[in-house]
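S.K.: Provided below: upload12.csv, containing CSV, C-alpha atoms and all ligand atoms.
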chain,number,residue,atom,x,y,z
A,1268,MET,CA,0.0,0.0,0.0
A,1269,ASP,CA,1.7,3.1,-1.2
A,1270,LEU,CA,1.0,6.4,0.6
A,1271,LEU,CA,0.8,9.8,-1.0
A,1272,GLU,CA,3.5,12.2,0.2
A,1273,TYR,CA,1.2,14.0,2.6
A,1274,GLN,CA,0.0,10.8,4.1
A,1275,GLY,CA,3.6,9.7,4.5
A,1276,LYS,CA,4.4,12.9,6.2
A,1277,GLN,CA,1.5,12.5,8.6
A,1278,PHE,CA,2.8,9.0,9.3
A,1279,PHE,CA,6.3,10.3,9.9
A,1280,ALA,CA,5.0,13.0,12.2
A,1281,GLN,CA,3.4,10.3,14.4
A,1282,TYR,CA,6.9,9.0,15.1
A,1283,GLY,CA,8.3,12.5,15.8
A,1284,ILE,CA,10.1,13.0,12.5
A,1285,PRO,CA,10.2,16.7,11.7
A,1286,VAL,CA,8.2,17.6,8.6
A,1287,SER,CA,6.9,21.0,7.3
A,1288,ASP,CA,3.5,22.4,8.4
A,1289,GLY,CA,1.0,21.9,5.5
A,1290,GLU,CA,-2.4,20.9,4.4
A,1291,ALA,CA,-3.8,18.8,1.6
A,1292,CYS,CA,-6.4,20.4,-0.7
A,1293,THR,CA,-8.3,19.8,-3.9
A,1294,ASP,CA,-9.0,23.3,-5.2
A,1295,VAL,CA,-7.2,26.6,-5.8
A,1296,ASP,CA,-9.1,28.7,-3.3
A,1297,THR,CA,-8.4,26.3,-0.5
A,1298,ALA,CA,-4.8,26.2,-1.5
A,1299,VAL,CA,-4.5,29.9,-1.2
A,1300,ALA,CA,-6.3,30.0,2.1
A,1301,VAL,CA,-3.9,27.3,3.5
A,1302,ALA,CA,-0.9,29.4,2.2
A,1303,GLU,CA,-2.3,32.5,3.9
A,1304,ARG,CA,-2.6,30.6,7.2
A,1305,ILE,CA,0.9,29.1,6.9
A,1306,GLY,CA,2.6,32.2,5.6
A,1307,TYR,CA,4.6,32.7,2.4
A,1308,PRO,CA,6.8,31.3,0.9
A,1309,VAL,CA,5.0,28.0,0.5
A,1310,VAL,CA,5.6,25.0,-1.8
A,1311,VAL,CA,2.7,23.6,-3.8
A,1312,LYS,CA,3.2,19.9,-4.4
A,1313,ALA,CA,1.3,17.4,-6.6
A,1314,GLN,CA,0.1,14.4,-4.6
A,1315,VAL,CA,0.3,11.4,-7.0
A,1316,HIS,CA,1.5,7.8,-6.5
A,1317,THR,CA,4.7,8.4,-8.5
A,1318,GLY,CA,8.1,10.0,-8.0
A,1319,GLY,CA,9.9,12.6,-10.1
A,1320,ARG,CA,7.2,15.2,-9.5
A,1321,GLY,CA,9.7,18.0,-9.3
A,1322,LYS,CA,11.0,17.4,-12.8
A,1323,ALA,CA,7.5,17.1,-14.1
A,1324,GLY,CA,6.5,20.5,-12.8
A,1325,GLY,CA,4.6,19.2,-9.9
A,1326,VAL,CA,6.6,21.0,-7.1
A,1327,LYS,CA,6.6,24.8,-7.2
A,1328,LEU,CA,7.6,27.5,-4.8
A,1329,ALA,CA,5.2,30.4,-4.3
A,1330,ALA,CA,6.2,33.7,-2.7
A,1331,ASN,CA,2.8,35.3,-2.7
A,1332,THR,CA,-0.9,34.9,-3.4
A,1333,GLU,CA,-0.7,35.3,-7.1
A,1334,GLU,CA,2.1,32.7,-7.5
A,1335,CYS,CA,0.2,30.3,-5.2
A,1336,ARG,CA,-2.9,30.7,-7.3
A,1337,GLU,CA,-1.0,30.2,-10.5
A,1338,HIS,CA,0.9,27.1,-9.3
A,1339,ALA,CA,-2.1,25.5,-7.7
A,1340,SER,CA,-4.2,25.9,-10.9
A,1341,ASN,CA,-1.4,24.6,-13.1
A,1342,ILE,CA,-0.6,21.6,-10.9
A,1343,LEU,CA,-4.2,20.5,-10.3
A,1344,GLY,CA,-5.1,18.4,-13.3
A,1345,LEU,CA,-1.5,18.0,-14.4
A,1346,ASP,CA,-0.6,14.6,-15.9
A,1347,ILE,CA,2.5,13.2,-14.2
A,1348,LYS,CA,3.5,9.9,-15.9
A,1349,GLY,CA,-0.2,9.0,-16.5
A,1350,HIS,CA,-1.3,10.1,-13.0
A,1351,ILE,CA,-3.7,13.0,-13.0
A,1352,VAL,CA,-3.2,15.4,-10.0
A,1353,GLU,CA,-6.4,15.7,-8.0
A,1354,ILE,CA,-4.8,16.6,-4.6
A,1355,ILE,CA,-2.2,19.1,-3.8
A,1356,TRP,CA,-0.2,19.6,-0.6
A,1357,VAL,CA,0.7,23.2,0.4
A,1358,GLU,CA,3.5,23.4,2.9
A,1359,SER,CA,5.7,26.0,4.5
A,1360,ALA,CA,8.8,26.4,2.2
A,1361,SER,CA,12.2,25.4,3.7
A,1362,ASP,CA,15.6,26.9,3.1
A,1363,ILE,CA,17.9,24.1,2.0
A,1364,ALA,CA,21.7,24.0,2.6
A,1365,GLU,CA,22.1,20.4,1.5
A,1366,GLU,CA,19.9,17.5,0.2
A,1367,TYR,CA,20.5,13.9,1.4
A,1368,TYR,CA,18.8,10.6,0.8
A,1369,ALA,CA,17.6,8.1,3.5
A,1370,SER,CA,15.6,4.9,3.4
A,1371,PHE,CA,14.8,1.6,5.1
A,1372,THR,CA,13.6,-1.5,3.2
A,1373,LEU,CA,13.8,-5.2,3.5
A,1374,ASP,CA,16.9,-6.9,1.9
A,1375,ARG,CA,15.3,-10.3,1.1
A,1376,SER,CA,18.5,-12.0,0.1
A,1377,ALA,CA,20.3,-10.9,3.3
A,1378,LYS,CA,17.1,-11.6,5.3
A,1379,LEU,CA,17.8,-8.3,7.1
A,1380,HIS,CA,16.6,-4.8,7.1
A,1381,LEU,CA,18.6,-2.5,4.9
A,1382,GLY,CA,19.2,1.2,5.6
A,1383,MET,CA,20.6,3.4,2.8
A,1384,LEU,CA,21.9,6.9,3.4
A,1385,SER,CA,23.6,9.2,0.9
A,1386,ALA,CA,25.0,12.8,0.9
A,1387,GLU,CA,23.8,12.9,-2.8
A,1388,GLY,CA,20.1,13.3,-2.2
A,1389,GLY,CA,17.4,15.1,-4.2
A,1390,VAL,CA,18.1,13.0,-7.3
A,1391,GLU,CA,16.8,9.5,-7.9
A,1392,ILE,CA,18.8,7.0,-5.8
A,1393,GLU,CA,19.0,4.6,-8.8
A,1394,SER,CA,21.1,7.1,-10.7
A,1395,VAL,CA,23.4,7.6,-7.7
A,1396,ALA,CA,23.7,3.8,-7.5
A,1397,ASP,CA,24.7,3.7,-11.2
A,1398,THR,CA,27.1,6.6,-11.3
A,1399,ASN,CA,28.6,6.7,-7.8
A,1400,PRO,CA,27.7,3.6,-5.8
A,1401,ASP,CA,30.3,4.5,-3.1
A,1402,ALA,CA,28.2,7.6,-2.3
A,1403,ILE,CA,25.6,5.3,-0.7
A,1404,ALA,CA,26.3,4.2,2.9
A,1405,LYS,CA,24.4,1.0,3.7
A,1406,ILE,CA,23.6,-0.7,7.0
A,1407,HIS,CA,22.1,-4.1,7.6
A,1408,VAL,CA,19.9,-4.3,10.7
A,1409,ASN,CA,18.9,-7.6,12.3
A,1410,PRO,CA,15.2,-7.1,13.3
A,1411,VAL,CA,15.7,-9.1,16.5
A,1412,ASP,CA,18.4,-6.7,17.7
A,1413,GLY,CA,17.0,-3.5,16.3
A,1414,LEU,CA,19.1,-0.4,15.4
A,1415,SER,CA,21.3,0.9,18.2
A,1416,GLU,CA,22.1,4.5,18.4
A,1417,GLU,CA,25.8,3.6,18.2
A,1418,ALA,CA,25.4,1.7,15.0
A,1419,CYS,CA,23.2,4.4,13.6
A,1420,ARG,CA,25.9,7.1,14.3
A,1421,ALA,CA,28.6,5.0,12.7
A,1422,TRP,CA,26.4,4.6,9.6
A,1423,VAL,CA,25.7,8.4,9.5
A,1424,GLU,CA,29.5,9.1,9.8
A,1425,ALA,CA,30.2,6.6,6.9
A,1426,ALA,CA,27.8,8.6,4.7
A,1427,ASN,CA,30.0,11.8,4.9
A,1428,LEU,CA,27.2,14.2,5.5
A,1429,ASN,CA,28.0,17.7,6.7
A,1430,PRO,CA,29.2,17.2,10.3
A,1431,LYS,CA,26.6,19.8,11.3
A,1432,ALA,CA,23.9,17.3,10.2
A,1433,THR,CA,25.2,14.3,12.2
A,1434,ASP,CA,23.1,14.7,15.4
A,1435,GLY,CA,19.9,15.6,13.6
A,1436,ALA,CA,20.3,12.8,11.1
A,1437,VAL,CA,20.9,10.2,13.8
A,1438,ASP,CA,17.8,11.4,15.6
A,1439,ILE,CA,15.6,11.2,12.4
A,1440,LEU,CA,17.0,7.8,11.3
A,1441,MET,CA,16.4,6.3,14.7
A,1442,LYS,CA,12.8,7.5,14.5
A,1443,LEU,CA,12.5,6.4,10.9
A,1444,TYR,CA,13.6,2.9,11.8
A,1445,THR,CA,10.9,2.8,14.5
A,1446,ALA,CA,8.3,4.1,12.0
A,1447,TYR,CA,9.4,1.4,9.6
A,1448,THR,CA,9.3,-1.5,12.0
A,1449,GLU,CA,6.4,-0.5,14.4
A,1450,GLY,CA,4.4,0.9,11.5
A,1451,ASP,CA,4.8,-2.3,9.6
A,1452,ALA,CA,6.1,-0.6,6.5
A,1453,ASP,CA,7.8,-2.4,3.6
A,1454,MET,CA,9.7,0.8,2.6
A,1455,VAL,CA,10.2,4.3,4.0
A,1456,GLU,CA,12.2,6.8,2.1
A,1457,ILE,CA,13.1,10.5,2.6
A,1458,ASN,CA,14.5,12.1,-0.5
A,1459,PRO,CA,15.5,14.8,0.1
A,1460,LEU,CA,16.3,14.7,3.8
A,1461,ILE,CA,17.6,18.3,4.2
A,1462,LEU,CA,20.1,20.2,6.3
A,1463,LYS,CA,18.8,23.7,6.8
A,1464,PRO,CA,21.2,26.6,6.9
A,1465,THR,CA,20.2,26.9,10.6
A,1466,GLY,CA,21.6,23.3,11.2
A,1467,GLU,CA,18.3,21.5,11.6
A,1468,VAL,CA,17.7,18.2,9.7
A,1469,HIS,CA,14.2,17.8,8.2
A,1470,ALA,CA,12.2,15.5,6.0
A,1471,LEU,CA,11.2,17.3,2.8
A,1472,ASP,CA,9.6,14.4,1.0
A,1473,ALA,CA,8.1,11.1,2.1
A,1474,LYS,CA,7.7,7.9,0.3
A,1475,VAL,CA,6.0,5.2,2.4
A,1476,SER,CA,4.8,1.8,1.5
A,1477,LEU,CA,2.8,-0.1,4.2
A,1478,ASP,CA,2.4,-3.8,4.4
A,1479,SER,CA,-1.3,-4.4,3.6
A,1480,ASN,CA,-1.2,-7.7,5.5
A,1481,ALA,CA,-0.7,-5.6,8.7
A,1482,VAL,CA,-3.8,-3.6,8.4
A,1483,TYR,CA,-5.5,-5.6,11.1
A,1484,ARG,CA,-2.9,-4.3,13.5
A,1485,HIS,CA,-3.4,-0.7,12.4
A,1486,PRO,CA,-7.2,0.0,11.9
A,1487,ASP,CA,-6.4,3.5,10.8
A,1488,TYR,CA,-4.6,2.1,7.7
A,1489,GLU,CA,-8.0,1.4,6.2
A,1490,GLN,CA,-8.1,5.1,5.0
A,1491,TYR,CA,-5.0,4.5,2.9
A,1492,ASP,CA,-6.5,1.4,1.3
A,1493,ALA,CA,-9.5,3.4,0.2
A,1494,SER,CA,-7.2,5.9,-1.6
A,1495,GLN,CA,-5.1,3.4,-3.5
A,1496,PRO,CA,-5.1,4.0,-7.2
A,1497,ARG,CA,-6.9,1.1,-8.9
A,1498,ASP,CA,-8.2,1.0,-12.4
A,1499,GLU,CA,-11.9,0.2,-12.9
A,1500,ARG,CA,-11.1,-3.4,-13.9
A,1501,GLU,CA,-9.2,-3.9,-10.7
A,1502,THR,CA,-11.9,-2.4,-8.5
A,1503,ALA,CA,-14.5,-4.7,-10.1
A,1504,ALA,CA,-12.3,-7.7,-9.7
A,1505,HIS,CA,-11.4,-6.9,-6.1
A,1506,GLU,CA,-15.1,-6.6,-5.3
A,1507,LYS,CA,-15.6,-10.2,-6.6
A,1508,GLY,CA,-12.7,-11.4,-4.5
A,1509,LEU,CA,-10.5,-12.1,-7.5
A,1510,GLN,CA,-6.7,-11.7,-7.6
A,1511,TYR,CA,-6.5,-9.4,-10.5
A,1512,VAL,CA,-3.8,-7.1,-12.0
A,1513,GLY,CA,-4.6,-5.1,-15.2
A,1514,LEU,CA,-1.9,-5.2,-17.9
A,1515,GLU,CA,-1.5,-3.5,-21.3
A,1516,GLY,CA,-2.1,-6.3,-23.7
A,1517,THR,CA,-5.1,-7.8,-25.6
A,1518,ILE,CA,-5.3,-11.4,-24.3
A,1519,GLY,CA,-7.5,-11.9,-21.2
A,1520,VAL,CA,-6.0,-14.5,-18.9
A,1521,ILE,CA,-7.8,-16.7,-16.4
A,1522,ALA,CA,-5.7,-19.3,-14.5
A,1523,ASN,CA,-6.0,-21.2,-11.3
A,1524,GLY,CA,-3.1,-20.4,-9.0
A,1525,ALA,CA,-0.8,-17.4,-9.1
A,1526,GLY,CA,2.2,-19.3,-10.3
A,1527,LEU,CA,0.2,-20.7,-13.3
A,1528,ALA,CA,-1.2,-17.2,-14.0
A,1529,MET,CA,2.3,-15.8,-14.1
A,1530,SER,CA,3.6,-18.5,-16.4
A,1531,THR,CA,0.6,-18.0,-18.6
A,1532,VAL,CA,1.5,-14.3,-19.0
A,1533,ASP,CA,5.0,-15.3,-19.8
A,1534,VAL,CA,4.1,-18.0,-22.3
A,1535,ILE,CA,1.8,-15.5,-24.0
A,1536,SER,CA,4.6,-13.1,-24.5
A,1537,GLN,CA,6.9,-15.9,-25.6
A,1538,VAL,CA,4.5,-16.6,-28.6
A,1539,GLY,CA,4.4,-12.9,-29.5
A,1540,GLY,CA,1.1,-12.0,-27.7
A,1541,ALA,CA,0.5,-9.7,-24.7
A,1542,ALA,CA,-1.7,-10.4,-21.7
A,1543,ALA,CA,-4.4,-7.9,-20.9
A,1544,ASN,CA,-4.4,-9.0,-17.2
A,1545,PHE,CA,-3.2,-11.4,-14.6
A,1546,LEU,CA,-6.2,-13.2,-13.0
A,1547,ASP,CA,-5.8,-16.0,-10.5
A,1548,ILE,CA,-9.2,-17.6,-9.7
A,1549,GLY,CA,-7.5,-19.6,-6.9
A,1550,GLY,CA,-8.0,-23.3,-6.2
A,1551,GLY,CA,-11.7,-23.6,-7.0
A,1552,ALA,CA,-13.2,-23.0,-10.4
A,1553,SER,CA,-16.9,-22.9,-9.7
A,1554,ALA,CA,-19.4,-21.5,-12.1
A,1555,ASP,CA,-19.7,-18.4,-9.9
A,1556,VAL,CA,-16.0,-17.7,-9.8
A,1557,MET,CA,-15.6,-18.4,-13.5
A,1558,ALA,CA,-18.5,-16.2,-14.4
A,1559,GLY,CA,-17.1,-13.4,-12.3
A,1560,ALA,CA,-13.7,-13.7,-13.9
A,1561,LEU,CA,-15.2,-13.8,-17.5
A,1562,GLU,CA,-17.3,-10.8,-16.7
A,1563,VAL,CA,-14.4,-8.7,-15.5
A,1564,ILE,CA,-12.3,-9.7,-18.6
A,1565,ASN,CA,-15.2,-9.2,-21.0
A,1566,ASN,CA,-15.7,-5.6,-19.7
A,1567,ASP,CA,-12.2,-4.7,-20.7
A,1568,PRO,CA,-12.4,-3.2,-24.2
A,1569,SER,CA,-8.8,-4.0,-25.1
A,1570,VAL,CA,-9.4,-7.8,-24.8
A,1571,LYS,CA,-9.5,-9.6,-28.1
A,1572,SER,CA,-9.3,-13.2,-27.0
A,1573,ILE,CA,-9.4,-15.0,-23.7
A,1574,PHE,CA,-7.1,-17.8,-22.5
A,1575,ILE,CA,-8.4,-20.0,-19.7
A,1576,ASN,CA,-5.5,-22.1,-18.4
A,1577,ILE,CA,-6.5,-24.6,-15.8
A,1578,PHE,CA,-4.4,-27.3,-14.1
A,1579,GLY,CA,-6.7,-29.4,-12.0
A,1580,GLY,CA,-5.3,-30.3,-8.6
A,1581,ILE,CA,-7.8,-30.6,-5.8
A,1582,THR,CA,-10.2,-29.1,-8.2
A,1583,ARG,CA,-11.2,-31.8,-10.7
A,1584,GLY,CA,-11.4,-31.4,-14.4
A,1585,GLU,CA,-15.2,-32.1,-14.7
A,1586,GLU,CA,-16.0,-29.4,-12.1
A,1587,VAL,CA,-14.0,-26.9,-14.0
A,1588,ALA,CA,-15.6,-27.9,-17.3
A,1589,ASN,CA,-19.1,-27.6,-15.9
A,1590,GLY,CA,-18.1,-24.2,-14.3
A,1591,ILE,CA,-16.9,-22.9,-17.7
A,1592,ILE,CA,-20.1,-24.0,-19.5
A,1593,GLU,CA,-22.4,-22.6,-16.9
A,1594,ALA,CA,-20.5,-19.3,-16.7
A,1595,MET,CA,-20.6,-19.0,-20.5
A,1596,GLY,CA,-24.4,-19.3,-20.3
A,1597,ARG,CA,-24.5,-16.4,-17.9
A,1598,VAL,CA,-22.0,-13.9,-19.5
A,1599,LYS,CA,-22.5,-12.8,-23.1
A,1600,LEU,CA,-18.9,-12.8,-24.4
A,1601,ASP,CA,-17.5,-10.5,-27.1
A,1602,SER,CA,-14.2,-12.4,-27.5
A,1603,PRO,CA,-13.3,-16.0,-28.3
A,1604,ILE,CA,-12.0,-18.3,-25.6
A,1605,VAL,CA,-9.2,-20.8,-25.8
A,1606,ILE,CA,-9.1,-23.4,-23.1
A,1607,ARG,CA,-6.3,-25.6,-21.9
A,1608,LEU,CA,-7.4,-28.1,-19.3
A,1609,ASP,CA,-5.0,-30.5,-17.7
A,1610,GLY,CA,-4.3,-32.2,-14.4
A,1611,THR,CA,-6.8,-34.2,-12.2
A,1612,ASN,CA,-9.6,-35.7,-14.3
A,1613,ALA,CA,-8.6,-33.6,-17.4
A,1614,GLU,CA,-10.1,-36.3,-19.7
A,1615,GLU,CA,-13.5,-36.1,-18.1
A,1616,GLY,CA,-13.4,-32.3,-18.2
A,1617,ARG,CA,-12.5,-32.3,-21.9
A,1618,SER,CA,-15.2,-34.6,-22.9
A,1619,ILE,CA,-17.7,-32.4,-21.1
A,1620,LEU,CA,-16.4,-29.4,-23.1
A,1621,ALA,CA,-16.1,-31.2,-26.4
A,1622,PRO,CA,-19.8,-30.8,-27.5
A,1623,ALA,CA,-19.7,-27.1,-26.6
A,1624,LEU,CA,-16.7,-26.3,-28.8
A,1625,ASN,CA,-17.2,-23.8,-31.7
A,1626,ASP,CA,-15.4,-20.8,-33.0
A,1627,MET,CA,-16.1,-18.9,-29.8
A,1628,LEU,CA,-14.9,-21.7,-27.5
A,1629,MET,CA,-11.8,-23.6,-28.5
A,1630,MET,CA,-9.6,-26.2,-26.8
A,1631,GLU,CA,-5.9,-26.9,-27.2
A,1632,SER,CA,-4.0,-29.7,-25.7
A,1633,THR,CA,-0.9,-27.8,-24.4
A,1634,MET,CA,-0.3,-24.5,-22.7
A,1635,LEU,CA,2.0,-23.4,-25.6
A,1636,SER,CA,-0.4,-24.2,-28.4
A,1637,ALA,CA,-3.3,-22.6,-26.5
A,1638,ALA,CA,-1.2,-19.4,-26.0
A,1639,ALA,CA,-0.3,-19.4,-29.7
A,1640,LYS,CA,-4.0,-19.8,-30.6
A,1641,ALA,CA,-5.1,-17.0,-28.3
A,1642,ALA,CA,-2.3,-14.7,-29.7
A,1643,GLU,CA,-3.5,-15.5,-33.3
A,1644,LEU,CA,-7.1,-14.7,-32.4
A,1645,ALA,CA,-6.1,-11.5,-30.7
A,1646,LYS,CA,-4.4,-10.2,-33.9
B,1701,LIG,P1,9.9,14.6,-6.1
B,1701,LIG,O1,10.5,15.3,-7.3
B,1701,LIG,O2,8.6,13.9,-6.5
B,1701,LIG,O3,10.8,13.6,-5.4
B,1701,LIG,O4,9.5,15.7,-5.1
B,1701,LIG,P2,10.3,16.3,-3.8
B,1701,LIG,O5,9.3,16.5,-2.7
B,1701,LIG,O6,11.5,15.6,-3.5
B,1701,LIG,O7,10.7,17.8,-4.4
B,1701,LIG,C1,11.6,17.9,-5.5
B,1701,LIG,C2,12.6,19.0,-5.2
B,1701,LIG,O8,11.9,20.2,-5.0
B,1701,LIG,C3,13.4,18.8,-3.9
B,1701,LIG,O9,14.5,17.9,-4.2
B,1701,LIG,C4,13.8,20.2,-3.6
B,1701,LIG,O10,15.0,20.5,-4.3
B,1701,LIG,C5,12.7,21.0,-4.1
B,1701,LIG,N1,11.9,21.5,-3.0
B,1701,LIG,C6,10.8,20.8,-2.4
B,1701,LIG,N2,10.4,21.4,-1.3
B,1701,LIG,C7,11.2,22.5,-1.2
B,1701,LIG,C8,11.2,23.6,-0.2
B,1701,LIG,O11,10.5,23.7,0.8
B,1701,LIG,N3,12.1,24.6,-0.4
B,1701,LIG,C9,13.0,24.6,-1.5
B,1701,LIG,N4,13.9,25.5,-1.6
B,1701,LIG,N5,13.0,23.6,-2.4
B,1701,LIG,C10,12.1,22.6,-2.3
B,1702,MN,MN,11.7,13.4,-3.6
Mind converting the file's structure to structure tokens?

M.R.:
Amino acid sequence: MDLLEYQGKQFFAQYGIPVSDGEACTDVDTAVAVAERIGYPVVVKAQVHTGGRGKAGGVKLAANTEECREHASNILGLDIKGHIVEIIWVESASDIAEEYYASFTLDRSAKLHLGMLSAEGGVEIESVADTNPDAIAKIHVNPVDGLSEEACRAWVEAANLNPKATDGAVDILMKLYTAYTEGDADMVEINPLILKPTGEVHALDAKVSLDSNAVYRHPDYEQYDASQPRDERETAAHEKGLQYVGLEGTIGVIANGAGLAMSTVDVISQVGGAAANFLDIGGGASADVMAGALEVINNDPSVKSIFINIFGGITRGEEVANGIIEAMGRVKLDSPIVIRLDGTNAEEGRSILAPALNDMLMMESTMLSAAAKAAELAK
């Protein structure tokens, strides 16, 4: 669950990390009213689920009412990498002496938390990693031991920040680690973490991704789930309890099991096609589930063919076949279906499907040939 910057800053503030005073708003007049309350200069910042807002014109300093009005109206409605700005955050502008980078995330291969700190902040950390990897100081933290202030200080010293920033950075990073662990985040990033000319260290941006499996421990996280960007197809699928991810291609995919669904997407691209979605109907393949899946896919105008890839395990072939036939009776389909049915009782399933086959419902004996057929039909 990715938070917007202002939500991330509110999250940080709960853990005592210094952030600027600000307010989120959705229209120009409110933005101006907020700026008058805070006092100029202010920064007007686009709130979208993507980075690089500064470069895209989504972060602007305003010294007075006219500038605030101008920037707010330009930024609202702006398209930043396909994300249309509907919310802006107006905050008190900061004087910047230096810009740093700080983050915590999980290093899965090391099975430890990983902290990264760099004196080269403000820019994307990937480009620092490419051009000057030595400029990133890393620390591995064992979650059982936690982060000691001593280790944190050594890490900060290794990053070669301005010595004036050391105490402030240690304080913020200790709090950031607490926010990351106690807040059940997958990732917390401050870029830039700034040193002000006055010597204070301060979080100027916030990127936070929370573990959605931990929502039960933090009932207030429900609010973030509600504001997650989902395309219409995804919302409809989630309402039906389906594991669905929208993709860019033209072949609708239905598979039982996430692994099989992923392989299906791969095999489709191997034969020169492109999947329109990833859809895992899970272990069962009842008529209800199948009809729901077909409905979601059928409502996607970019879909030109549908590939149903089922490998029966506990679910038996004849149940799947009956489910497909019943579902097809309920949903009026616009695109042809190619089925591959294998696994437990596949023979029985295939003989149930055989009489129903026509140019809208085809069957192939292998996953590869079915993918090729679906790709051909999608052309
Ligand atoms: P991003 O481009 O999406 O990462 O947005 P940021 O919040 O990181 O802002 C981009 C850049 O705008 C920062 O690196 C700063 O250089 C600049 N910026 C943001 N807020 C302020 C501010 O309060 N004062 C000044 N002087 N610059 C700011
Ligand atoms: Mn940033």

S.K.: Determine, using all atoms listed in the file, which residues of chain A have any atom at most 8 Å from an atom of ligand LIG 1701 (chain B), and tabulate each with its shortest atom pair and distance in Å to one decimal place, rows ordered by chain and then rising number, as a Markdown table.

M.R.:
| residue | atom | partner | partner_atom | distance |
| --- | --- | --- | --- | --- |
| A:Glu1272 | CA | B:LIG1701 | O5 | 7.8 |
| A:Ser1287 | CA | B:LIG1701 | O11 | 7.9 |
| A:Val1309 | CA | B:LIG1701 | O11 | 7.0 |
| A:Val1310 | CA | B:LIG1701 | O11 | 5.7 |
| A:Lys1312 | CA | B:LIG1701 | O5 | 7.2 |
| A:Thr1317 | CA | B:LIG1701 | O2 | 7.0 |
| A:Gly1318 | CA | B:LIG1701 | O2 | 4.2 |
| A:Gly1319 | CA | B:LIG1701 | O1 | 3.9 |
| A:Arg1320 | CA | B:LIG1701 | O2 | 3.6 |
| A:Gly1321 | CA | B:LIG1701 | O1 | 3.5 |
| A:Lys1322 | CA | B:LIG1701 | O1 | 5.9 |
| A:Ala1323 | CA | B:LIG1701 | O1 | 7.6 |
| A:Gly1325 | CA | B:LIG1701 | O2 | 7.5 |
| A:Val1326 | CA | B:LIG1701 | O8 | 5.8 |
| A:Lys1327 | CA | B:LIG1701 | O8 | 7.4 |
| A:Leu1328 | CA | B:LIG1701 | N3 | 6.9 |
| A:Glu1358 | CA | B:LIG1701 | O11 | 7.3 |
| A:Ser1359 | CA | B:LIG1701 | O11 | 6.5 |
| A:Ala1360 | CA | B:LIG1701 | O11 | 3.5 |
| A:Ser1361 | CA | B:LIG1701 | O11 | 3.8 |
| A:Asp1362 | CA | B:LIG1701 | N4 | 5.2 |
| A:Ile1363 | CA | B:LIG1701 | N4 | 5.6 |
| A:Glu1366 | CA | B:LIG1701 | O9 | 7.0 |
| A:Gly1388 | CA | B:LIG1701 | O9 | 7.5 |
| A:Gly1389 | CA | B:LIG1701 | O9 | 4.0 |
| A:Val1390 | CA | B:LIG1701 | O9 | 6.8 |
| A:Glu1391 | CA | B:LIG1701 | O3 | 7.7 |
| A:Asn1458 | CA | B:LIG1701 | O6 | 5.5 |
| A:Pro1459 | CA | B:LIG1701 | O9 | 5.4 |
| A:Leu1471 | CA | B:LIG1701 | N2 | 5.9 |
| A:Asp1472 | CA | B:LIG1701 | O5 | 4.3 |
| A:Ala1473 | CA | B:LIG1701 | O5 | 7.3 |

S.K.: Looking at A:Pro1622, A:Ala1386, A:Met1629, A:Asn1331, which one is nearest to Tyr1368 in chain A, with distances taken over all atoms listed in the file?

M.R.: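 Among A:Pro1622, A:Ala1386, A:Met1629, A:Asn1331, it is A:Ala1386 that comes nearest to Tyr1368 in chain A.
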
S.K.: In Å, with one decimal, what is the gap from CA of Ser1340 in chain A to CA of Leu1270 in chain A?

M.R.: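 Computed distance, CA of Ser1340 in chain A to CA of Leu1270 in chain A, equals 23.2 Å.
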
S.K.: Which residue out of A:Ala1504, A:Ala1522, A:Ala1560, A:Ala1542 has the minimum interatomic distance to Ile1577 in chain A when all atoms listed in the file are used?

M.R.: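 So, comparing all the options, the nearest one is A:Ala1522.
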
S.K.: Please list as a VMD selection string every residue within 12 Å of range 1296-1305 of chain A, counting all atoms listed in the file and excluding residues in the same chain fewer than 6 positions away.

M.R.: chain A and resid 1287 to 1290 1311 to 1313 1328 to 1340 1342 to 1343 1354 to 1360

S.K.: Figure out the distance between CA of Ala1594 in chain A and CA of Leu1561 in chain A, please, to one decimal in Å.

M.R.: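 If I compute the distance from CA of Leu1561 in chain A to CA of Ala1594 in chain A, I get 7.7 Å.
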
S.K.: Could you tell me which of A:Val1408, A:Val1598, A:Ile1284, A:Ile1347 comes closest to Ile1457 in chain A if we count all atoms listed in the file?

M.R.: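 Distance minimum relative to Ile1457 in chain A lands on A:Ile1284.
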
S.K.: Let me make sure I understand: among A:Ala1541, A:Val1423, A:Ile1604, A:Ile1392, which one has the smallest atom-to-atom distance to ligand MN 1702 (chain B) if we use all atoms listed in the file?

M.R.: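 The answer is A:Ile1392, which sits nearest to ligand MN 1702 (chain B).
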
S.K.: Once you add 3 Å to each side, what are the centre and edge lengths of the axis-aligned box holding all listed atoms of range 1480-1485 of chain A? One decimal in Å, as JSON, if you can.

M.R.:
{"center_x": -3.1, "center_y": -4.2, "center_z": 9.5, "size_x": 10.8, "size_y": 13.0, "size_z": 14.0}

S.K.: So, with all atoms listed in the file as the atoms that count, which of A:Leu1644, A:Leu1546, A:Ala1421, A:Ala1470 lies closest to ligand MN 1702 (chain B)?

M.R.: A:Ala1470

S.K.: Which of these, A:Ser1385, A:Asp1294, A:Ile1518, A:Val1455, has the shortest distance to Glu1424 in chain A once you count all atoms listed in the file?

M.R.: A:Ser1385
